[in-house]
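S.K.: I have a structure here, written as structure tokens, and I will follow up with some questions on it.
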Amino acid sequence: MVQAVQGAKVVVTGAGGGIGAALARRFAAQGAQVVVNDLDADRAKAVAEEIGGLAVPGDASSIVSEARDALGGTVDVYCANAGVGRDGGAPGDPLDEQGWALSWDVNVMAHVRAAHALLPDWLERGGGRFVSTVSAAGLLTMIGTAPYSVTKHGAYAFAEWLSLTYRHRGVKVHAICPQGVRTDMLDASGSAGDLVLKPTAIEPEDVADALFRGIEEDRFLILPHPEVAEYYQARATEPDRWLAGMNRIQRQWEATR
């Protein structure tokens, strides 16, 4: 058992399946009381019934108040897990206004709104835990999808800002940055996902394992694929070489389309 989450009151967004469901199951198994959120009410209810949790379906951008009420007035851990992956249109045309707007709203602003709602109570009582499901794309990038790549960078930057701003006041922040995970989102990622993500894809339960190791070790950055650390270092220290390598993958992808 991870002592930090025993008896905790936890909210997991986008928990009707995939990573979110795996996180909800793991928190419940560790003795937490869990609110399961998903846009799909039936899926949220199914996971909640399975784990003995509470279903609060709806838009992840606006469920903090309802989830807090369901938990008796307190949220100890908030997992901002809901996300969308939208492509950027045809190669050479990355502008899809609708895709950009939705990606910003779900992948970034939902996190901002949740933190805005949670921080006053957390700062008053000197503790709280914010878990952001980002993506390795937030540290690196992903071919074929400008909205996803850019907004995941934004989600990572916001998690960093929360950590550096409030860690001395008891707020713990974790940014989970996996590569491919065997979920519906991976299945919907098309040929780019088949090329880049599927060969090393892991199970959602592996992501939950990585998070709980990070909680025990009090680490901000959670890398279910450890090799991402090397890619991130290469991107920072040799950006032109890294971009050239990514461009090779881009050209390989274009040749298959």
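We label chains A, B, ... in the order they appear in the structure tokens, count residues from 1 in each chain, and number ligands from 1 in the order shown.
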Looking only at the backbone, which of the residues in segment 32-194 of chain A does DSSP tag as alpha helix (DSSP H), as an MDAnalysis selection string?

M.R.: chainID A and resid 41:51 64:70 97:104 110:125 146:166 184:187 190:194

S.K.: With DSSP run on the backbone, what are the strand (DSSP E or B) residues within segment 137-205 of chain A? I'd like them as number ranges by chain.

M.R.: A: 171-176, 181, 202

S.K.: With C-alpha atoms retained, export the selected residues as a short mmCIF file (atom, residue, chain, number, x, y, z; two decimals), in the first residue's frame.

M.R.:
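And here's result_9.cif as it stands now:
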```
data_model
loop_
_atom_site.label_atom_id
_atom_site.label_comp_id
_atom_site.auth_asym_id
_atom_site.auth_seq_id
_atom_site.Cartn_x
_atom_site.Cartn_y
_atom_site.Cartn_z
CA VAL A 171 0.99 20.84 -3.26
CA LYS A 172 2.43 17.77 -4.98
CA VAL A 173 2.38 17.64 -8.80
CA HIS A 174 3.11 14.72 -11.10
CA ALA A 175 3.32 14.86 -14.91
CA ILE A 176 2.85 11.48 -16.59
CA VAL A 181 -0.38 3.13 -24.55
CA ILE A 202 2.45 -0.55 -23.09
#
```

S.K.: Under the rule that only C-alpha atoms are counted, which of A:Leu140, A:Gly18, A:Thr145, A:Asn107 is the nearest residue to Ala234 of chain A?

M.R.: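 Once distances to Ala234 of chain A are computed over only C-alpha atoms, the minimum belongs to A:Leu140.
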
S.K.: Please list as JSON, numbers by chain every residue within 7 Å of segment 217-230 of chain A, counting only C-alpha atoms and excluding residues in the same chain fewer than 2 positions away.

M.R.: {"A": [136, 173, 174, 175, 176, 177, 178, 179, 206, 207, 210, 211, 213, 214, 215, 232, 233, 234]}

S.K.: Can you work out which one of A:Lys198, A:Gly170, A:Leu186, A:Ala80 has the shortest atom-to-atom distance to Arg125 of chain A, counting only C-alpha atoms?

M.R.: A:Gly170

S.K.: Counting only C-alpha atoms, what is within 7 Å of Val12 of chain A, bar same-chain residues fewer than 6 positions away, as a VMD selection string?

M.R.: chain A and resid 20 24 35 to 37 78 to 81

S.K.: For C-alpha atoms, I'd like the residues from the last selection saved as an mmCIF file, in the first residue's frame.

M.R.:
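The resulting file, part-v3.cif, is shown below:
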```cif
data_model
loop_
_atom_site.group_PDB
_atom_site.id
_atom_site.type_symbol
_atom_site.label_atom_id
_atom_site.label_comp_id
_atom_site.auth_asym_id
_atom_site.auth_seq_id
_atom_site.Cartn_x
_atom_site.Cartn_y
_atom_site.Cartn_z
ATOM 1 C CA GLY A 20 -8.008 6.832 -16.569
ATOM 2 C CA ALA A 24 -9.096 4.751 -10.882
ATOM 3 C CA VAL A 35 -14.821 9.700 -8.302
ATOM 4 C CA VAL A 36 -14.886 8.354 -11.854
ATOM 5 C CA ASN A 37 -15.484 11.050 -14.462
ATOM 6 C CA TYR A 78 -7.038 15.265 -8.774
ATOM 7 C CA CYS A 79 -6.008 13.332 -11.873
ATOM 8 C CA ALA A 80 -6.393 15.545 -14.940
ATOM 9 C CA ASN A 81 -6.394 12.618 -17.318
#
```

S.K.: For Phe158 of chain A, list every protein, DNA or RNA residue within 9 Å, evaluated using only C-alpha atoms, and leave out those in the same chain fewer than 6 positions away; present the list as a list in words.

M.R.: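 Result of the neighbour search: Val108, His111 and Val112 of chain A.
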
S.K.: Give the answer as one residue: which of A:Arg129, A:Arg25, A:His168, A:His153 has the shortest atom-to-atom distance to Val77 of chain A, using only C-alpha atoms?

M.R.: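 Nearest candidate to Val77 of chain A out of A:Arg129, A:Arg25, A:His168, A:His153: A:Arg129.
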
S.K.: Between atom CA of Ala8 of chain A and atom CA of Asp76 of chain A, what is the distance, to one decimal in Å?

M.R.: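 One can read the atom CA of Ala8 of chain A to atom CA of Asp76 of chain A distance as 5.8 Å.
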
S.K.: Counting only C-alpha atoms, what is within 12 Å of Gln33 of chain A, bar same-chain residues fewer than 3 positions away, as a compact mmCIF listing (two decimals) with N, CA and C atoms, in the first residue's frame?

M.R.:
```
# COMPACT_ATOMS: atom_id res chain seq x y z
N VAL A 5 -1.80 7.68 -0.36
CA VAL A 5 -3.13 7.70 -0.98
C VAL A 5 -4.15 6.87 -0.21
N GLN A 6 -3.76 6.22 0.85
CA GLN A 6 -4.72 5.46 1.66
C GLN A 6 -5.74 6.41 2.26
N GLY A 7 -7.01 6.15 1.99
CA GLY A 7 -8.07 6.99 2.53
C GLY A 7 -8.24 8.31 1.81
N ALA A 8 -7.45 8.55 0.76
CA ALA A 8 -7.55 9.82 0.04
C ALA A 8 -8.82 9.89 -0.78
N LYS A 9 -9.28 11.09 -1.01
CA LYS A 9 -10.45 11.33 -1.85
C LYS A 9 -9.94 11.81 -3.21
N VAL A 10 -10.23 11.02 -4.23
CA VAL A 10 -9.56 11.14 -5.53
C VAL A 10 -10.57 11.35 -6.64
N VAL A 11 -10.21 12.21 -7.59
CA VAL A 11 -11.00 12.40 -8.80
C VAL A 11 -10.12 12.01 -9.98
N VAL A 12 -10.66 11.21 -10.89
CA VAL A 12 -9.95 10.86 -12.12
C VAL A 12 -10.85 11.20 -13.30
N ALA A 24 -7.99 4.86 -11.84
CA ALA A 24 -9.10 4.75 -10.88
C ALA A 24 -9.05 3.42 -10.15
N ARG A 25 -8.81 2.34 -10.88
CA ARG A 25 -8.72 1.02 -10.25
C ARG A 25 -7.58 0.96 -9.24
N ARG A 26 -6.43 1.53 -9.60
CA ARG A 26 -5.28 1.46 -8.72
C ARG A 26 -5.49 2.29 -7.46
N PHE A 27 -6.04 3.48 -7.60
CA PHE A 27 -6.31 4.29 -6.41
C PHE A 27 -7.30 3.58 -5.49
N ALA A 28 -8.35 2.99 -6.08
CA ALA A 28 -9.34 2.28 -5.26
C ALA A 28 -8.70 1.09 -4.56
N ALA A 29 -7.83 0.36 -5.26
CA ALA A 29 -7.16 -0.79 -4.67
C ALA A 29 -6.24 -0.39 -3.52
N GLN A 30 -5.79 0.86 -3.56
CA GLN A 30 -4.90 1.38 -2.51
C GLN A 30 -5.69 2.01 -1.36
N VAL A 36 -15.18 8.71 -10.48
CA VAL A 36 -14.89 8.35 -11.85
C VAL A 36 -15.63 9.32 -12.77
N ALA A 48 -17.07 2.91 -12.03
CA ALA A 48 -17.36 3.25 -10.63
C ALA A 48 -17.96 2.05 -9.89
N ILE A 51 -15.26 -0.62 -9.05
CA ILE A 51 -14.27 -0.32 -8.01
C ILE A 51 -14.89 0.18 -6.71
N GLY A 52 -16.22 0.25 -6.67
CA GLY A 52 -16.86 0.79 -5.47
C GLY A 52 -16.69 2.28 -5.35
N GLY A 53 -16.61 2.96 -6.49
CA GLY A 53 -16.44 4.41 -6.51
C GLY A 53 -17.72 5.14 -6.80
N LEU A 54 -17.58 6.39 -7.18
CA LEU A 54 -18.71 7.27 -7.45
C LEU A 54 -18.60 7.80 -8.87
N ALA A 55 -19.65 7.70 -9.65
CA ALA A 55 -19.63 8.19 -11.02
C ALA A 55 -20.12 9.63 -11.06
N ALA A 67 -17.82 16.88 -8.17
CA ALA A 67 -17.01 15.78 -7.66
C ALA A 67 -16.66 16.00 -6.19
N ARG A 68 -16.34 17.23 -5.84
CA ARG A 68 -16.02 17.54 -4.44
C ARG A 68 -17.22 17.28 -3.54
N ALA A 70 -19.60 15.14 -4.12
CA ALA A 70 -19.78 13.69 -4.05
C ALA A 70 -18.83 13.05 -3.03
N LEU A 71 -17.67 13.67 -2.84
CA LEU A 71 -16.67 13.16 -1.91
C LEU A 71 -16.80 13.76 -0.51
N GLY A 72 -17.88 14.46 -0.26
CA GLY A 72 -18.10 15.01 1.06
C GLY A 72 -17.44 16.33 1.33
N THR A 74 -14.30 17.42 0.02
CA THR A 74 -12.85 17.47 -0.05
C THR A 74 -12.33 16.66 -1.23
N VAL A 75 -11.34 17.20 -1.94
CA VAL A 75 -10.59 16.46 -2.94
C VAL A 75 -9.12 16.49 -2.53
N ASP A 76 -8.53 15.33 -2.35
CA ASP A 76 -7.12 15.24 -1.98
C ASP A 76 -6.21 15.07 -3.20
N VAL A 77 -6.70 14.31 -4.17
CA VAL A 77 -5.92 14.02 -5.38
C VAL A 77 -6.81 14.25 -6.59
N TYR A 78 -6.29 15.02 -7.54
CA TYR A 78 -7.04 15.27 -8.77
C TYR A 78 -6.19 14.80 -9.94
```

S.K.: Pick from A:Ala15, A:Ala22, A:Val64, A:Met246: nearest to Asp209 of chain A, with only C-alpha atoms counted?

M.R.: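 Nearest candidate to Asp209 of chain A out of A:Ala15, A:Ala22, A:Val64, A:Met246: A:Ala22.
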
S.K.: Which neighbours of Ala157 of chain A fall inside 9 Å, counting only C-alpha atoms, when residues of the same chain fewer than 5 positions from it are skipped, and could you give them as a ChimeraX atom specification?

M.R.: /A:138,152,162

S.K.: Record the distance separating atom CA of Val196 of chain A and atom CA of Asp40 of chain A, expressed in Å with one decimal.

M.R.: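 So the two atoms, atom CA of Val196 of chain A and atom CA of Asp40 of chain A, lie 28.6 Å apart.
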
S.K.: Work out how far atom CA of Ala32 of chain A is from atom CA of Gly127 of chain A, in Å to one decimal.

M.R.: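 Atom CA of Gly127 of chain A sits 16.1 Å away from atom CA of Ala32 of chain A.
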
S.K.: Counting only C-alpha atoms, which residue out of A:Ala117, A:Arg43, A:Ile19, A:Gly85 sits closest to Ile63 of chain A?

M.R.: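 Closest residue, counting only C-alpha atoms: A:Ala117.
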
S.K.: When distances are computed from only C-alpha atoms, which of A:Met185, A:Ala146, A:Ser163, A:Glu97 shows the smallest separation from Ala82 of chain A?

M.R.: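 Checking each candidate against Ala82 of chain A, we get A:Met185 as the closest.
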